[in-house]
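Participant: Quick one: the structure is below, questions incoming.
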Amino acid sequence: MANKVTAAKEFIKGLWDQNPVFKQVLGMCPVLAVTVSAENGIAMALATTFVLVFSSFVVSIIKNWIPSQVRIAAYILIIATFVTIVDLVMKAQFPALSKALGPFIPLIIVNCLILGRQEAFASKNSVGRAVLDALGMGTGFLIALFLLGATRELFGTGMILGFQIMPEVYEPWLIMILPAGAFLTLGLMMGFFNSYSEKKKAEERNTIVEKYRQAKRQAETKPLEAN
Amino acid sequence: MKTIIHMLVTLSVIGVISGGVLSQLSGWADPLIAEHRQRETEAAIFEVQPEAKKYEKVEDLAFDLYKVTDEEGNELGYALPYEGNGFQGKIRLMVGVTNDLGKVVGLRVLEQVETPGLGTKIVTDPSDKANPEWFPGQFNGVITSPLITVVKNAKPSKDSEIMAITGATISSKAVVDIINSGIKELRSLKGEAN
């Protein structure tokens with residue numbers, strides 16, 4: 001079944017059609033909590049992508065040896081290993097970043113995006129496809145977190161990635177960097193993106209209906225012309 | 001029975017492999033992490049005691065305390081890492097005090113998880129472009145006796161007063177309380193020594 005999809009599509013679907021944040025609504029805890037700035041969003045998404053790619057890789061290799069009764073426990077063990085690796089490496093090499101992301105790195109373990117992809121995809125597909133899928137999902141997650149973080153940072157502090165964007169007179173909206181701002185931004189973004197894709201779908205439907213009607217009309221008028 | 005053994009073996013093998021990998025990695029990472037922490041503490045000590053050139057840890061205490069000296073070895077005061085509860089979680093501070101504990105000479109926030117944009121102003125206040133570190137800066141030269149106090153919406157009128165951050169009174173007060181209790185601890189220690 002999955003082989004009908006080309007490898008490129010396996011990657012691209014995570015960016016938009018099945019975007020983990022806007023379409024699948026997975027991994028909301030880090031999405032809402034760490035996106036106070038674009039930089040934090042990027043770092044969180046990169047850490048999550050790393051864990052996602054490597055766990056998908058390992059899970060898709062050993063998928064046939066894991067008894068189905070303990071598969072979730074096995075996935076969690078594998079995920080936890082990679083998360084601990086990320087946590088330790090970050091603490092050792094990027095202490096400032098690891099401080100900013102605080103308790104959210106260990107929480108990647110229970111990010112349902114990662115477990116969800118293992119269960120739904122990596123455990124059923126070949127290694128290459130699993131890695132492509134993980135890369136796509138990770139990139140989609142990165143896009144979403146960057147958009148959210150940048151929007152909140154822009155309105156909440158007037159800056160993006162530490163560069164002043166808004167004019168000096170701009171009074172930052174504090175609410176945007178408070179938890180409430182995360183919900184507001186996410187809700188508005190989701191509504192905007194979904195209404196856009198709904199509109200697109202409706203347009204597509206209309207063109208198909210229109211085509212059908214035209215064909216029908218032609219079919220009806222033809223016999224008359226023949227006379 | 002066969003599946004049970006299969007389950008046990010699978011999980012054990014995964015566990016052993018992951019444990020092995022992680023212990024290797026932590027052997028590499030732990031000294032680096034400890035080094036970062038050490039360097040951070042050192043930087044904080046010299047920041048809260050700007051005139052200090054050397055420091056040494058005071059041994060045999062229930063908490064950490066550093067005695068700082070200038071080049072000739074004259075005692076300048078102490079740098080005390082101390083922690084307490086903030087608005088949402090722990091706040092860890094490094095406080096620099098004079099030798100007689102009468103005056104704070106510097107303050108640095110080592111760790112905090114206060115509300116972004118409000119409580120985080122105890123570290124820096126991005127809305128105040130000219131002096132983003134006005135809050136911790138206030139503690140330079142503040143008199144510690146009998147207690148440091150917080151005033152709201154007003155300029156401090158006494159040498160022992162600190163102006164609270166608008167919208168983050170609890171965080172402001174938490175910082176002051178931590179300093180007060182840290183100094184109290186030091187006082188009782190000095191009292192014992194005399």
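Here, A, B, ... name the chains of the structure tokens in the order displayed, residue numbers run from 1 inside each chain, and ligands are numbered from 1 in the same displayed order.
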Output as an mmCIF file with N, CA and C atoms, in the first residue's frame the set of chain B residues within 12 Å of chain A, with distances taken over only C-alpha atoms.
Facilitator:
data_model
loop_
_atom_site.group_PDB
_atom_site.id
_atom_site.type_symbol
_atom_site.label_atom_id
_atom_site.label_comp_id
_atom_site.auth_asym_id
_atom_site.auth_seq_id
_atom_site.Cartn_x
_atom_site.Cartn_y
_atom_site.Cartn_z
ATOM 1 N N LYS B 2 6.260 -19.089 25.554
ATOM 2 C CA LYS B 2 7.283 -18.690 24.594
ATOM 3 C C LYS B 2 7.258 -17.172 24.356
ATOM 4 N N THR B 3 6.033 -16.637 24.251
ATOM 5 C CA THR B 3 5.941 -15.193 24.005
ATOM 6 C C THR B 3 6.455 -14.406 25.200
ATOM 7 N N ILE B 4 6.169 -14.934 26.409
ATOM 8 C CA ILE B 4 6.634 -14.206 27.600
ATOM 9 C C ILE B 4 8.157 -14.105 27.582
ATOM 10 N N ILE B 5 8.808 -15.239 27.292
ATOM 11 C CA ILE B 5 10.272 -15.221 27.236
ATOM 12 C C ILE B 5 10.739 -14.270 26.135
ATOM 13 N N HIS B 6 10.072 -14.344 25.009
ATOM 14 C CA HIS B 6 10.425 -13.457 23.908
ATOM 15 C C HIS B 6 10.326 -11.983 24.321
ATOM 16 N N MET B 7 9.228 -11.663 25.020
ATOM 17 C CA MET B 7 9.018 -10.295 25.488
ATOM 18 C C MET B 7 10.137 -9.864 26.432
ATOM 19 N N LEU B 8 10.403 -10.764 27.413
ATOM 20 C CA LEU B 8 11.432 -10.433 28.404
ATOM 21 C C LEU B 8 12.786 -10.228 27.734
ATOM 22 N N VAL B 9 13.121 -11.133 26.834
ATOM 23 C CA VAL B 9 14.439 -11.054 26.194
ATOM 24 C C VAL B 9 14.549 -9.768 25.381
ATOM 25 N N THR B 10 13.492 -9.459 24.604
ATOM 26 C CA THR B 10 13.540 -8.261 23.765
ATOM 27 C C THR B 10 13.777 -7.019 24.603
ATOM 28 N N LEU B 11 12.940 -6.856 25.632
ATOM 29 C CA LEU B 11 13.058 -5.641 26.447
ATOM 30 C C LEU B 11 14.401 -5.592 27.169
ATOM 31 N N SER B 12 14.868 -6.755 27.655
ATOM 32 C CA SER B 12 16.154 -6.755 28.346
ATOM 33 C C SER B 12 17.274 -6.352 27.399
ATOM 34 N N VAL B 13 17.246 -6.911 26.193
ATOM 35 C CA VAL B 13 18.320 -6.591 25.244
ATOM 36 C C VAL B 13 18.328 -5.100 24.930
ATOM 37 N N ILE B 14 17.141 -4.561 24.654
ATOM 38 C CA ILE B 14 17.073 -3.117 24.371
ATOM 39 C C ILE B 14 17.575 -2.320 25.564
ATOM 40 N N GLY B 15 17.125 -2.722 26.758
ATOM 41 C CA GLY B 15 17.528 -2.002 27.971
ATOM 42 C C GLY B 15 19.030 -2.031 28.178
ATOM 43 N N VAL B 16 19.624 -3.212 27.986
ATOM 44 C CA VAL B 16 21.073 -3.336 28.209
ATOM 45 C C VAL B 16 21.832 -2.481 27.202
ATOM 46 N N ILE B 17 21.412 -2.552 25.933
ATOM 47 C CA ILE B 17 22.112 -1.757 24.917
ATOM 48 C C ILE B 17 22.007 -0.274 25.232
ATOM 49 N N SER B 18 20.785 0.180 25.532
ATOM 50 C CA SER B 18 20.621 1.614 25.762
ATOM 51 C C SER B 18 21.363 2.036 27.022
ATOM 52 N N GLY B 19 21.321 1.190 28.046
ATOM 53 C CA GLY B 19 22.063 1.512 29.270
ATOM 54 C C GLY B 19 23.552 1.634 28.991
ATOM 55 N N GLY B 20 24.083 0.695 28.192
ATOM 56 C CA GLY B 20 25.505 0.727 27.863
ATOM 57 C C GLY B 20 25.891 1.990 27.119
ATOM 58 N N VAL B 21 25.081 2.330 26.117
ATOM 59 C CA VAL B 21 25.362 3.536 25.327
ATOM 60 C C VAL B 21 25.353 4.770 26.221
ATOM 61 N N LEU B 22 24.310 4.854 27.066
ATOM 62 C CA LEU B 22 24.169 6.053 27.894
ATOM 63 C C LEU B 22 25.269 6.167 28.925
ATOM 64 N N SER B 23 25.723 5.033 29.477
ATOM 65 C CA SER B 23 26.765 5.151 30.493
ATOM 66 C C SER B 23 28.075 5.608 29.838
ATOM 67 N N GLN B 24 28.319 5.127 28.619
ATOM 68 C CA GLN B 24 29.484 5.610 27.883
ATOM 69 C C GLN B 24 29.423 7.123 27.677
ATOM 70 N N LEU B 25 28.250 7.557 27.213
ATOM 71 C CA LEU B 25 28.065 8.969 26.892
ATOM 72 C C LEU B 25 28.177 9.823 28.147
ATOM 73 N N SER B 26 27.597 9.335 29.227
ATOM 74 C CA SER B 26 27.615 10.160 30.427
ATOM 75 C C SER B 26 29.032 10.247 30.979
ATOM 76 N N GLY B 27 29.842 9.210 30.741
ATOM 77 C CA GLY B 27 31.256 9.285 31.116
ATOM 78 C C GLY B 27 31.973 10.416 30.393
ATOM 79 N N TRP B 28 31.517 10.676 29.150
ATOM 80 C CA TRP B 28 32.119 11.773 28.405
ATOM 81 C C TRP B 28 31.531 13.122 28.810
ATOM 82 N N ALA B 29 30.203 13.130 29.061
ATOM 83 C CA ALA B 29 29.513 14.409 29.271
ATOM 84 C C ALA B 29 29.658 14.937 30.692
ATOM 85 N N ASP B 30 29.679 14.039 31.673
ATOM 86 C CA ASP B 30 29.651 14.507 33.067
ATOM 87 C C ASP B 30 30.770 15.480 33.426
ATOM 88 N N PRO B 31 32.043 15.156 33.099
ATOM 89 C CA PRO B 31 33.082 16.150 33.430
ATOM 90 C C PRO B 31 32.869 17.486 32.733
ATOM 91 N N LEU B 32 32.368 17.442 31.487
ATOM 92 C CA LEU B 32 32.108 18.700 30.776
ATOM 93 C C LEU B 32 31.030 19.514 31.474
ATOM 94 N N ILE B 33 29.961 18.826 31.888
ATOM 95 C CA ILE B 33 28.869 19.521 32.566
ATOM 96 C C ILE B 33 29.367 20.118 33.877
ATOM 97 N N ALA B 34 30.158 19.327 34.613
ATOM 98 C CA ALA B 34 30.688 19.822 35.890
ATOM 99 C C ALA B 34 31.572 21.040 35.653
ATOM 100 N N GLU B 35 32.346 20.990 34.546
ATOM 101 C CA GLU B 35 33.235 22.101 34.226
ATOM 102 C C GLU B 35 32.438 23.380 33.933
ATOM 103 N N HIS B 36 31.343 23.222 33.156
ATOM 104 C CA HIS B 36 30.488 24.370 32.868
ATOM 105 C C HIS B 36 29.964 24.986 34.151
ATOM 106 N N ARG B 37 29.509 24.096 35.047
ATOM 107 C CA ARG B 37 28.928 24.581 36.286
ATOM 108 C C ARG B 37 29.975 25.340 37.084
ATOM 109 N N ARG B 39 32.667 26.810 35.954
ATOM 110 C CA ARG B 39 33.023 28.068 35.302
ATOM 111 C C ARG B 39 31.947 29.121 35.542
ATOM 112 N N GLU B 40 30.700 28.650 35.508
ATOM 113 C CA GLU B 40 29.585 29.558 35.721
ATOM 114 C C GLU B 40 29.633 30.145 37.131
ATOM 115 N N GLY B 89 8.805 28.455 40.525
ATOM 116 C CA GLY B 89 9.782 27.423 40.851
ATOM 117 C C GLY B 89 10.928 28.034 41.619
ATOM 118 N N LEU B 110 21.228 33.052 39.066
ATOM 119 C CA LEU B 110 21.837 31.905 38.391
ATOM 120 C C LEU B 110 20.783 31.072 37.670
ATOM 121 N N GLU B 111 19.674 30.846 38.348
ATOM 122 C CA GLU B 111 18.624 30.031 37.746
ATOM 123 C C GLU B 111 17.277 30.566 38.157
ATOM 124 N N GLN B 112 16.329 30.559 37.213
ATOM 125 C CA GLN B 112 14.977 30.963 37.546
ATOM 126 C C GLN B 112 14.018 30.423 36.500
ATOM 127 N N VAL B 113 12.774 30.224 36.897
ATOM 128 C CA VAL B 113 11.751 29.806 35.933
ATOM 129 C C VAL B 113 10.532 30.700 36.105
ATOM 130 N N GLU B 114 10.784 32.011 36.227
ATOM 131 C CA GLU B 114 9.681 32.950 36.428
ATOM 132 C C GLU B 114 8.910 33.165 35.129
ATOM 133 N N THR B 115 7.777 33.868 35.242
ATOM 134 C CA THR B 115 6.945 34.124 34.072
ATOM 135 C C THR B 115 7.716 34.933 33.030
ATOM 136 N N PRO B 116 7.781 34.432 31.792
ATOM 137 C CA PRO B 116 8.496 35.191 30.764
ATOM 138 C C PRO B 116 7.872 36.577 30.580
ATOM 139 N N GLY B 117 8.704 37.589 30.502
ATOM 140 C CA GLY B 117 8.199 38.932 30.260
ATOM 141 C C GLY B 117 7.817 39.683 31.513
ATOM 142 N N LEU B 118 7.557 38.950 32.602
ATOM 143 C CA LEU B 118 7.227 39.647 33.849
ATOM 144 C C LEU B 118 8.277 39.320 34.897
ATOM 145 N N GLY B 119 8.207 38.101 35.424
ATOM 146 C CA GLY B 119 9.149 37.708 36.470
ATOM 147 C C GLY B 119 10.578 37.625 35.978
ATOM 148 N N THR B 120 10.744 37.386 34.671
ATOM 149 C CA THR B 120 12.113 37.267 34.152
ATOM 150 C C THR B 120 12.839 38.600 34.183
ATOM 151 N N ASP B 125 15.449 43.249 31.808
ATOM 152 C CA ASP B 125 14.186 43.842 31.407
ATOM 153 C C ASP B 125 14.360 44.431 30.009
ATOM 154 N N PRO B 126 13.927 43.692 28.980
ATOM 155 C CA PRO B 126 14.164 44.167 27.612
ATOM 156 C C PRO B 126 13.421 45.462 27.282
ATOM 157 N N SER B 127 12.384 45.800 28.076
ATOM 158 C CA SER B 127 11.635 47.015 27.752
ATOM 159 C C SER B 127 12.386 48.261 28.193
ATOM 160 N N ASP B 128 13.361 48.091 29.078
ATOM 161 C CA ASP B 128 14.153 49.232 29.500
ATOM 162 C C ASP B 128 15.479 49.186 28.743
ATOM 163 N N LYS B 129 15.519 49.866 27.591
ATOM 164 C CA LYS B 129 16.677 49.748 26.705
ATOM 165 C C LYS B 129 17.947 50.321 27.326
ATOM 166 N N GLY B 167 4.013 44.283 38.055
ATOM 167 C CA GLY B 167 3.462 43.055 37.505
ATOM 168 C C GLY B 167 4.187 41.812 37.947
#
Participant: Need the shell around Leu189 in chain B: protein/DNA/RNA residues with any atom at most 12 Å away, counting only C-alpha atoms. Skip same-chain ones fewer than 4 positions apart. Format as a list in words?
Facilitator: Val58, Asp60, Leu61, Ala62, Phe63, Leu65, Leu101, Gly182, Ile183, Lys184, Glu185, Ala193 and Asn194 of chain B
Participant: Generate the output file for the selected residues, C-alpha atoms, as a PDB file, in the first residue's frame.
Facilitator:
ATOM      1  CA  VAL B  58      34.570  27.875  52.880  1.00  0.00           C
ATOM      2  CA  ASP B  60      32.613  22.304  56.442  1.00  0.00           C
ATOM      3  CA  LEU B  61      29.334  24.083  55.876  1.00  0.00           C
ATOM      4  CA  ALA B  62      25.882  22.773  55.117  1.00  0.00           C
ATOM      5  CA  PHE B  63      25.710  25.150  52.137  1.00  0.00           C
ATOM      6  CA  LEU B  65      30.001  29.792  50.551  1.00  0.00           C
ATOM      7  CA  LEU B 101      27.538  41.463  55.981  1.00  0.00           C
ATOM      8  CA  GLY B 182      20.832  33.933  53.096  1.00  0.00           C
ATOM      9  CA  ILE B 183      22.287  36.811  55.027  1.00  0.00           C
ATOM     10  CA  LYS B 184      20.532  35.654  58.173  1.00  0.00           C
ATOM     11  CA  GLU B 185      22.207  32.301  57.737  1.00  0.00           C
ATOM     12  CA  ALA B 193      32.382  31.842  65.045  1.00  0.00           C
ATOM     13  CA  ASN B 194      32.762  34.798  67.409  1.00  0.00           C
TER      14      ASN B 194
END
Participant: Name the residues in contact with Gly136 in chain A at a cut-off of 9 Å, using only C-alpha atoms, excluding same-chain residues fewer than 5 positions from it; report them as a PDB file with C-alpha atoms, in the first residue's frame.
Facilitator:
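Wrote it out as out_30.pdb, contents follow:
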ATOM      1  CA  GLU A  10       6.876  10.556   2.014  1.00  0.00           C
ATOM      2  CA  PHE A  11       9.011  13.522   3.034  1.00  0.00           C
ATOM      3  CA  ILE A  12       6.794  16.317   1.761  1.00  0.00           C
ATOM      4  CA  LYS A  13       3.574  15.159   3.376  1.00  0.00           C
ATOM      5  CA  GLY A  14       4.932  16.081   6.802  1.00  0.00           C
ATOM      6  CA  LEU A  15       5.522  19.680   5.762  1.00  0.00           C
ATOM      7  CA  ASN A  19       1.832  18.790   9.388  1.00  0.00           C
ATOM      8  CA  VAL A 131      13.666   7.965   8.028  1.00  0.00           C
ATOM      9  CA  PHE A 141       7.395  20.485  13.294  1.00  0.00           C
TER      10      PHE A 141
END
Participant: List the neighbours of Leu107 in chain A out to 10 Å using only C-alpha atoms; skip same-chain residues closer than 4 positions along the sequence, and give me the result as a PyMOL selection string.
Facilitator: chain A and resi 29-30+80+83+102-103+111
Participant: With N, CA and C atoms retained, export the selected residues as a short mmCIF file (atom, residue, chain, number, x, y, z; two decimals), in the first residue's frame.
Facilitator:
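The result, written out as part-v9.cif:
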data_model
loop_
_atom_site.label_atom_id
_atom_site.label_comp_id
_atom_site.auth_asym_id
_atom_site.auth_seq_id
_atom_site.Cartn_x
_atom_site.Cartn_y
_atom_site.Cartn_z
N CYS A 29 2.33 19.89 24.00
CA CYS A 29 2.98 20.40 25.21
C CYS A 29 4.20 21.24 24.87
N PRO A 30 5.19 20.71 24.12
CA PRO A 30 6.33 21.57 23.78
C PRO A 30 5.93 22.71 22.85
N ALA A 80 13.57 7.07 24.81
CA ALA A 80 14.19 7.63 26.01
C ALA A 80 15.70 7.65 25.88
N VAL A 83 16.60 10.59 23.70
CA VAL A 83 16.35 11.86 24.39
C VAL A 83 17.44 12.13 25.41
N GLY A 102 15.12 23.96 29.43
CA GLY A 102 14.82 23.41 30.74
C GLY A 102 14.23 22.02 30.71
N PRO A 103 13.09 21.85 31.37
CA PRO A 103 12.55 20.50 31.54
C PRO A 103 11.90 19.95 30.28
N ASN A 111 6.51 12.97 24.09
CA ASN A 111 5.89 13.73 23.01
C ASN A 111 5.16 12.74 22.09
#
Participant: Which residues come within 10 Å of Leu147 in chain A, counting only C-alpha atoms, excluding same-chain residues fewer than 3 positions away, as an MDAnalysis selection string?
Facilitator: chainID A and resid 35 37:38 41:42 141:144 150:153 185:186 189
Participant: Between CA of Thr124 in chain B and CA of Arg108 in chain B, what distance in Å does the model show, to one decimal?
Facilitator: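 About the pair CA of Thr124 in chain B and CA of Arg108 in chain B: they are 10.5 Å apart.
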Participant: Suppose you want the space between CA of Ala182 in chain A and CA of Met28 in chain A; what is it in Å?
Facilitator: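 That distance, rounded to one decimal, is 10.3 Å.
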Participant: What's around Pro81 in chain B at 8 Å? Count only C-alpha atoms, leave out sequence neighbours fewer than 2 positions away in its own chain, and write the answer as a list in words.
Facilitator: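 My reading of the contact set: Asp64, Leu65, Ala79, Glu83, Arg92, Leu93, Met94 and Val95 of chain B.
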Participant: Find the residue from A:Gly27, A:Gly138, A:Gly116, A:Gly181 that sits nearest to Ala43 in chain A; use only C-alpha atoms when measuring.
Facilitator: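 Smallest separation from Ala43 in chain A among the options: A:Gly138.
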Participant: Residues near Leu147 in chain B, anyone? I mean within 8 Å using only C-alpha atoms, not counting same-chain ones fewer than 2 positions away, as a PyMOL selection string.
Facilitator: chain B and resi 144-145+149+160+180
Participant: Save out the residues we just selected, N, CA and C atoms, as a CSV table (one decimal), in the first residue's frame.
Facilitator:
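The result, written out as result_15.csv:
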chain,number,residue,atom,x,y,z
B,144,THR,N,21.8,45.9,54.4
B,144,THR,CA,21.1,44.7,54.7
B,144,THR,C,20.4,44.7,56.0
B,145,SER,N,20.7,45.7,56.9
B,145,SER,CA,20.1,45.6,58.2
B,145,SER,C,19.0,46.6,58.4
B,149,THR,N,13.9,45.5,52.2
B,149,THR,CA,12.4,45.5,52.0
B,149,THR,C,12.1,46.0,50.6
B,160,SER,N,17.8,50.7,52.4
B,160,SER,CA,17.6,49.2,52.5
B,160,SER,C,16.4,48.8,51.6
B,180,ASN,N,17.6,38.0,52.1
B,180,ASN,CA,17.5,38.2,53.5
B,180,ASN,C,17.8,36.9,54.3
